[in-house]
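A quick write-up on the structure given underneath.
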Amino acid sequence: VAAAGRRIVELIAEDVRPRDILTPAAFRDAVTAMLAISASVNTLKHLQAVAVEAGTDADIYALFEELAPKTPLLAAVKPNGTRRIDEFESAGGTQALLHSLSPLLNLDRTTVAGPSVRTTPTADPDVIRPLDNPFARHPGIVLVRGTLAPDGGVAKRTVADDGVRAFRGPAKVFRSRE
């Protein structure tokens with residue numbers, strides 16, 4: 001906590017503002033990371049809200065659509081897999097995930113830690129996998145479109161979900177959970 005406080009004071013002295021860090025490239029990298037861990041679907045609306053507040057023209061929903069087919073699932077933390085979040089952290093956490101994703105990221109951008117993104121190799125490749133050995137090649141978060149969702153919708157896929165990616169035919173509509 002003390003180190004974080006010191007860094008905040010340093011950032012003020014360096015005249016680094018949130019909008020210097022929250023760039024379209026930073027949001028692109030954030031979406032890539034969220035796809036690689038199959039984050040919550042709430043990530044879309046929260047990242048979009050932050051992008052708007054940051055004054056960027058980043059379209060988070062468009063980024064999810066563009067990057068999902070290119071970003072493999074590298075960590076299978078519950079409820080998407082068998083690993084716990086503490087195992088993810090012990091394996092190197094976000095910095096290890098970013099290291100695995102580094103060919104897909106813009107690492108030469110300003111961060112709160114300095115002039116470039118810091119990464120470290122994973123301590124456990126069974127928890128955070130390399131790009132060439134993902135848990136799954138399909139995205140964990142998918143934006144769907146069609147007659148049932150003309151404005152789009154968000155679907156969450158599991159690690160083991162290698163099912164149908166497109167469907168044509170009649171749909172059964174339910175008006176209640178029961």
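Residues are named by chain letter and number: chains run A, B, ... in the order of the structure tokens, numbers start at 1 in each chain, and ligands are numbered from 1 in the order shown.
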* Could you name the residues that touch range 57-62 of chain A at 12 Å or less, counting only C-alpha atoms, but leaving out those on the same chain fewer than 6 positions away, as a PyMOL selection string? -> chain A and resi 19+22-32+34-35+41-51+68+141-144+151-154
Generate the output file for the selected residues, N, CA, C and O atoms, as a tab-separated table (two decimals), in the first residue's frame.
chain	number	residue	atom	x	y	z
A	19	ARG	N	-5.78	9.92	-18.36
A	19	ARG	CA	-6.02	9.88	-19.81
A	19	ARG	C	-4.74	9.62	-20.61
A	19	ARG	O	-4.80	9.27	-21.78
A	22	LEU	N	-5.02	5.63	-20.11
A	22	LEU	CA	-6.24	5.00	-20.62
A	22	LEU	C	-6.44	5.36	-22.09
A	22	LEU	O	-7.33	6.10	-22.46
A	23	THR	N	-5.60	4.78	-22.92
A	23	THR	CA	-5.60	5.04	-24.36
A	23	THR	C	-6.35	3.93	-25.09
A	23	THR	O	-6.60	2.86	-24.52
A	24	PRO	N	-6.67	4.13	-26.37
A	24	PRO	CA	-7.28	3.04	-27.13
A	24	PRO	C	-6.43	1.77	-27.11
A	24	PRO	O	-6.96	0.66	-27.02
A	25	ALA	N	-5.10	1.91	-27.17
A	25	ALA	CA	-4.22	0.73	-27.12
A	25	ALA	C	-4.34	0.01	-25.78
A	25	ALA	O	-4.32	-1.22	-25.73
A	26	ALA	N	-4.48	0.76	-24.70
A	26	ALA	CA	-4.64	0.15	-23.38
A	26	ALA	C	-5.96	-0.63	-23.30
A	26	ALA	O	-6.00	-1.74	-22.74
A	27	PHE	N	-7.01	-0.08	-23.87
A	27	PHE	CA	-8.29	-0.79	-23.87
A	27	PHE	C	-8.23	-2.03	-24.76
A	27	PHE	O	-8.80	-3.06	-24.42
A	28	ARG	N	-7.53	-1.94	-25.86
A	28	ARG	CA	-7.36	-3.10	-26.74
A	28	ARG	C	-6.65	-4.23	-25.99
A	28	ARG	O	-7.06	-5.38	-26.03
A	29	ASP	N	-5.58	-3.87	-25.26
A	29	ASP	CA	-4.86	-4.86	-24.47
A	29	ASP	C	-5.72	-5.41	-23.34
A	29	ASP	O	-5.67	-6.60	-23.03
A	30	ALA	N	-6.53	-4.56	-22.73
A	30	ALA	CA	-7.41	-5.01	-21.65
A	30	ALA	C	-8.43	-6.01	-22.17
A	30	ALA	O	-8.68	-7.04	-21.53
A	31	VAL	N	-8.99	-5.76	-23.33
A	31	VAL	CA	-9.96	-6.70	-23.92
A	31	VAL	C	-9.26	-8.02	-24.24
A	31	VAL	O	-9.80	-9.10	-23.96
A	32	THR	N	-8.05	-7.96	-24.78
A	32	THR	CA	-7.31	-9.18	-25.08
A	32	THR	C	-7.10	-10.00	-23.80
A	32	THR	O	-7.31	-11.22	-23.79
A	34	MET	N	-8.88	-9.87	-21.02
A	34	MET	CA	-10.17	-10.36	-20.53
A	34	MET	C	-10.61	-11.60	-21.32
A	34	MET	O	-11.14	-12.54	-20.75
A	35	LEU	N	-10.37	-11.59	-22.61
A	35	LEU	CA	-10.71	-12.76	-23.43
A	35	LEU	C	-9.84	-13.95	-23.06
A	35	LEU	O	-10.31	-15.09	-23.04
A	41	VAL	N	-18.90	-11.36	-18.19
A	41	VAL	CA	-19.53	-10.59	-19.27
A	41	VAL	C	-19.74	-9.14	-18.85
A	41	VAL	O	-19.86	-8.26	-19.70
A	42	ASN	N	-19.76	-8.88	-17.55
A	42	ASN	CA	-19.89	-7.50	-17.07
A	42	ASN	C	-18.69	-6.65	-17.47
A	42	ASN	O	-18.76	-5.41	-17.45
A	43	THR	N	-17.58	-7.29	-17.81
A	43	THR	CA	-16.39	-6.58	-18.25
A	43	THR	C	-16.70	-5.64	-19.41
A	43	THR	O	-16.18	-4.54	-19.48
A	44	LEU	N	-17.56	-6.08	-20.31
A	44	LEU	CA	-17.87	-5.26	-21.48
A	44	LEU	C	-18.44	-3.91	-21.08
A	44	LEU	O	-17.94	-2.87	-21.51
A	45	LYS	N	-19.47	-3.93	-20.25
A	45	LYS	CA	-20.10	-2.64	-19.91
A	45	LYS	C	-19.21	-1.79	-19.01
A	45	LYS	O	-19.18	-0.57	-19.14
A	46	HIS	N	-18.44	-2.43	-18.12
A	46	HIS	CA	-17.58	-1.65	-17.24
A	46	HIS	C	-16.41	-1.03	-18.00
A	46	HIS	O	-16.09	0.15	-17.80
A	47	LEU	N	-15.77	-1.80	-18.89
A	47	LEU	CA	-14.69	-1.23	-19.69
A	47	LEU	C	-15.20	-0.13	-20.61
A	47	LEU	O	-14.53	0.89	-20.82
A	48	GLN	N	-16.40	-0.32	-21.17
A	48	GLN	CA	-16.97	0.72	-22.04
A	48	GLN	C	-17.23	1.99	-21.25
A	48	GLN	O	-16.94	3.09	-21.73
A	49	ALA	N	-17.73	1.86	-20.03
A	49	ALA	CA	-17.97	3.03	-19.19
A	49	ALA	C	-16.66	3.75	-18.87
A	49	ALA	O	-16.59	5.00	-18.92
A	50	VAL	N	-15.61	3.01	-18.57
A	50	VAL	CA	-14.31	3.62	-18.29
A	50	VAL	C	-13.78	4.31	-19.54
A	50	VAL	O	-13.24	5.42	-19.48
A	51	ALA	N	-13.93	3.68	-20.71
A	51	ALA	CA	-13.47	4.28	-21.96
A	51	ALA	C	-14.18	5.61	-22.23
A	51	ALA	O	-13.54	6.59	-22.64
A	68	ALA	N	-11.94	-11.53	-30.25
A	68	ALA	CA	-12.35	-12.85	-29.76
A	68	ALA	C	-11.84	-14.00	-30.63
A	68	ALA	O	-11.31	-14.98	-30.11
A	141	ILE	N	-15.99	-15.36	-24.30
A	141	ILE	CA	-17.06	-14.36	-24.37
A	141	ILE	C	-17.33	-14.10	-25.85
A	141	ILE	O	-16.40	-13.82	-26.61
A	142	VAL	N	-18.59	-14.23	-26.24
A	142	VAL	CA	-18.95	-14.08	-27.64
A	142	VAL	C	-20.10	-13.10	-27.75
A	142	VAL	O	-21.08	-13.20	-27.01
A	143	LEU	N	-19.98	-12.16	-28.68
A	143	LEU	CA	-21.10	-11.30	-29.00
A	143	LEU	C	-21.91	-11.99	-30.09
A	143	LEU	O	-21.34	-12.47	-31.08
A	144	VAL	N	-23.21	-12.10	-29.88
A	144	VAL	CA	-24.07	-12.81	-30.82
A	144	VAL	C	-25.05	-11.82	-31.44
A	144	VAL	O	-25.43	-10.83	-30.83
A	151	ASP	N	-29.99	-6.30	-31.83
A	151	ASP	CA	-29.02	-5.32	-31.36
A	151	ASP	C	-27.79	-5.99	-30.75
A	151	ASP	O	-26.89	-5.31	-30.26
A	152	GLY	N	-27.78	-7.30	-30.75
A	152	GLY	CA	-26.66	-8.06	-30.21
A	152	GLY	C	-26.93	-8.53	-28.80
A	152	GLY	O	-27.82	-8.06	-28.11
A	153	GLY	N	-26.13	-9.48	-28.40
A	153	GLY	CA	-26.20	-10.03	-27.05
A	153	GLY	C	-24.83	-10.59	-26.71
A	153	GLY	O	-23.94	-10.66	-27.56
A	154	VAL	N	-24.67	-10.98	-25.47
A	154	VAL	CA	-23.39	-11.52	-25.01
A	154	VAL	C	-23.63	-12.93	-24.48
A	154	VAL	O	-24.55	-13.17	-23.71
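Across chain A, DSSP run on the backbone finds strand (DSSP E or B) at Leu73, Ala75, Val77, Arg83, Thr111, Gly114, Ile128, Ala136, Ile141, Val142, Leu143, Val144, Gly153, Val154, Ala155 and Lys156 of chain A.
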* Just the residues within 9 Å of Pro69 in chain A, please, counting only C-alpha atoms, with nothing from its chain fewer than 6 positions along; format it as a VMD selection string. => chain A and resid 137 to 139
Atoms to include: all heavy atoms. Write the selected residues as a compact mmCIF listing (two decimals), in the first residue's frame.
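Saved result, selection15.txt, follows:
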# COMPACT_ATOMS: atom_id res chain seq x y z
N ARG A 137 -9.22 -22.74 -27.97
CA ARG A 137 -8.97 -21.77 -29.03
C ARG A 137 -10.20 -20.91 -29.30
O ARG A 137 -10.11 -19.90 -29.97
CB ARG A 137 -8.53 -22.48 -30.30
CG ARG A 137 -7.22 -23.20 -30.11
CD ARG A 137 -6.38 -23.21 -31.36
NE ARG A 137 -5.13 -23.90 -31.12
CZ ARG A 137 -4.01 -23.32 -30.68
NH1 ARG A 137 -4.00 -22.05 -30.44
NH2 ARG A 137 -2.93 -24.02 -30.49
N HIS A 138 -11.33 -21.32 -28.78
CA HIS A 138 -12.55 -20.52 -28.96
C HIS A 138 -12.62 -19.45 -27.86
O HIS A 138 -12.09 -19.63 -26.78
CB HIS A 138 -13.80 -21.40 -28.93
CG HIS A 138 -14.03 -22.05 -27.61
ND1 HIS A 138 -13.59 -23.33 -27.34
CD2 HIS A 138 -14.62 -21.62 -26.47
CE1 HIS A 138 -13.91 -23.65 -26.10
NE2 HIS A 138 -14.53 -22.63 -25.55
N PRO A 139 -13.28 -18.34 -28.16
CA PRO A 139 -13.41 -17.29 -27.15
C PRO A 139 -14.36 -17.69 -26.03
O PRO A 139 -15.32 -18.43 -26.24
CB PRO A 139 -13.95 -16.10 -27.94
CG PRO A 139 -14.62 -16.70 -29.13
CD PRO A 139 -13.90 -17.99 -29.43
* **Pairwise distance for CA of Ala75 in chain A and CA of Pro103 in chain A, rounded to one decimal in Å** => 16.6 Å
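CA of Ala2 in chain A is found 20.7 Å from CA of Thr94 in chain A.
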* To do: Identify which of the residues A:Gln95, A:Ser116, A:Thr56, A:Ala136 lies closest to Ala76 in chain A, counting only C-alpha atoms when measuring atom-to-atom distances.
  => A:Ala136
In range 92-173 of chain A, what's alpha helix (DSSP H) per DSSP? Answer as an mmCIF file with N, CA, C and O atoms, in the first residue's frame?
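Result saved to part.cif:
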data_model
loop_
_atom_site.group_PDB
_atom_site.id
_atom_site.type_symbol
_atom_site.label_atom_id
_atom_site.label_comp_id
_atom_site.auth_asym_id
_atom_site.auth_seq_id
_atom_site.Cartn_x
_atom_site.Cartn_y
_atom_site.Cartn_z
ATOM 1 N N GLY A 93 0.056 -14.366 -11.999
ATOM 2 C CA GLY A 93 -1.034 -13.412 -12.141
ATOM 3 C C GLY A 93 -1.051 -12.678 -13.471
ATOM 4 O O GLY A 93 -0.681 -13.222 -14.519
ATOM 5 N N THR A 94 -1.463 -11.434 -13.412
ATOM 6 C CA THR A 94 -1.647 -10.633 -14.621
ATOM 7 C C THR A 94 -0.357 -10.458 -15.401
ATOM 8 O O THR A 94 -0.353 -10.535 -16.629
ATOM 9 N N GLN A 95 0.760 -10.249 -14.707
ATOM 10 C CA GLN A 95 2.021 -10.053 -15.429
ATOM 11 C C GLN A 95 2.431 -11.312 -16.208
ATOM 12 O O GLN A 95 2.959 -11.218 -17.307
ATOM 13 N N ALA A 96 2.149 -12.482 -15.652
ATOM 14 C CA ALA A 96 2.446 -13.723 -16.374
ATOM 15 C C ALA A 96 1.479 -13.907 -17.542
ATOM 16 O O ALA A 96 1.885 -14.360 -18.626
ATOM 17 N N LEU A 97 0.214 -13.567 -17.350
ATOM 18 C CA LEU A 97 -0.754 -13.636 -18.442
ATOM 19 C C LEU A 97 -0.318 -12.718 -19.577
ATOM 20 O O LEU A 97 -0.313 -13.117 -20.747
ATOM 21 N N LEU A 98 0.074 -11.491 -19.247
ATOM 22 C CA LEU A 98 0.523 -10.545 -20.261
ATOM 23 C C LEU A 98 1.779 -11.045 -20.973
ATOM 24 O O LEU A 98 1.957 -10.828 -22.168
ATOM 25 N N HIS A 99 2.640 -11.731 -20.240
ATOM 26 C CA HIS A 99 3.837 -12.304 -20.860
ATOM 27 C C HIS A 99 3.434 -13.331 -21.923
ATOM 28 O O HIS A 99 3.962 -13.312 -23.048
ATOM 29 N N SER A 100 2.503 -14.204 -21.585
ATOM 30 C CA SER A 100 2.030 -15.204 -22.554
ATOM 31 C C SER A 100 1.357 -14.540 -23.750
ATOM 32 O O SER A 100 1.481 -15.010 -24.876
ATOM 33 N N LEU A 101 0.658 -13.445 -23.498
ATOM 34 C CA LEU A 101 -0.068 -12.735 -24.553
ATOM 35 C C LEU A 101 0.790 -11.736 -25.314
ATOM 36 O O LEU A 101 0.308 -11.125 -26.273
#
* To do: May I ask for the distance between CA of Gly92 in chain A and CA of Asp108 in chain A, given in Å to one decimal place?
  => 20.5 Å
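Residues within 10 Å of Asp126 in chain A, counting only C-alpha atoms and excluding same-chain residues fewer than 5 positions away, are Leu74, Ala75, Ala76, Arg83, Phe88, Ala91, Asn133, Pro134 and Phe135 of chain A.
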Output file for the residues above (N, CA and C atoms, as an mmCIF file, in the first residue's frame):
data_model
loop_
_atom_site.group_PDB
_atom_site.id
_atom_site.type_symbol
_atom_site.label_atom_id
_atom_site.label_comp_id
_atom_site.auth_asym_id
_atom_site.auth_seq_id
_atom_site.Cartn_x
_atom_site.Cartn_y
_atom_site.Cartn_z
ATOM 1 N N LEU A 74 -6.159 -18.727 -22.120
ATOM 2 C CA LEU A 74 -4.881 -19.134 -21.534
ATOM 3 C C LEU A 74 -4.964 -19.464 -20.054
ATOM 4 N N ALA A 75 -6.048 -19.102 -19.390
ATOM 5 C CA ALA A 75 -6.212 -19.417 -17.966
ATOM 6 C C ALA A 75 -7.642 -19.881 -17.734
ATOM 7 N N ALA A 76 -7.797 -20.961 -17.013
ATOM 8 C CA ALA A 76 -9.131 -21.523 -16.759
ATOM 9 C C ALA A 76 -9.404 -21.476 -15.257
ATOM 10 N N ARG A 83 -9.183 -24.177 -11.807
ATOM 11 C CA ARG A 83 -8.217 -23.447 -10.978
ATOM 12 C C ARG A 83 -8.879 -22.326 -10.177
ATOM 13 N N PHE A 88 -3.921 -18.770 -9.794
ATOM 14 C CA PHE A 88 -3.587 -17.847 -10.875
ATOM 15 C C PHE A 88 -2.550 -16.832 -10.389
ATOM 16 N N ALA A 91 0.852 -18.351 -9.898
ATOM 17 C CA ALA A 91 1.494 -18.658 -11.176
ATOM 18 C C ALA A 91 2.069 -17.417 -11.849
ATOM 19 N N ASN A 133 -0.278 -23.358 -26.562
ATOM 20 C CA ASN A 133 -0.900 -24.485 -25.854
ATOM 21 C C ASN A 133 -2.050 -23.985 -24.970
ATOM 22 N N PRO A 134 -3.056 -23.363 -25.565
ATOM 23 C CA PRO A 134 -4.145 -22.792 -24.765
ATOM 24 C C PRO A 134 -5.087 -23.863 -24.217
ATOM 25 N N PHE A 135 -5.899 -23.449 -23.249
ATOM 26 C CA PHE A 135 -6.962 -24.331 -22.755
ATOM 27 C C PHE A 135 -8.014 -24.520 -23.849
#
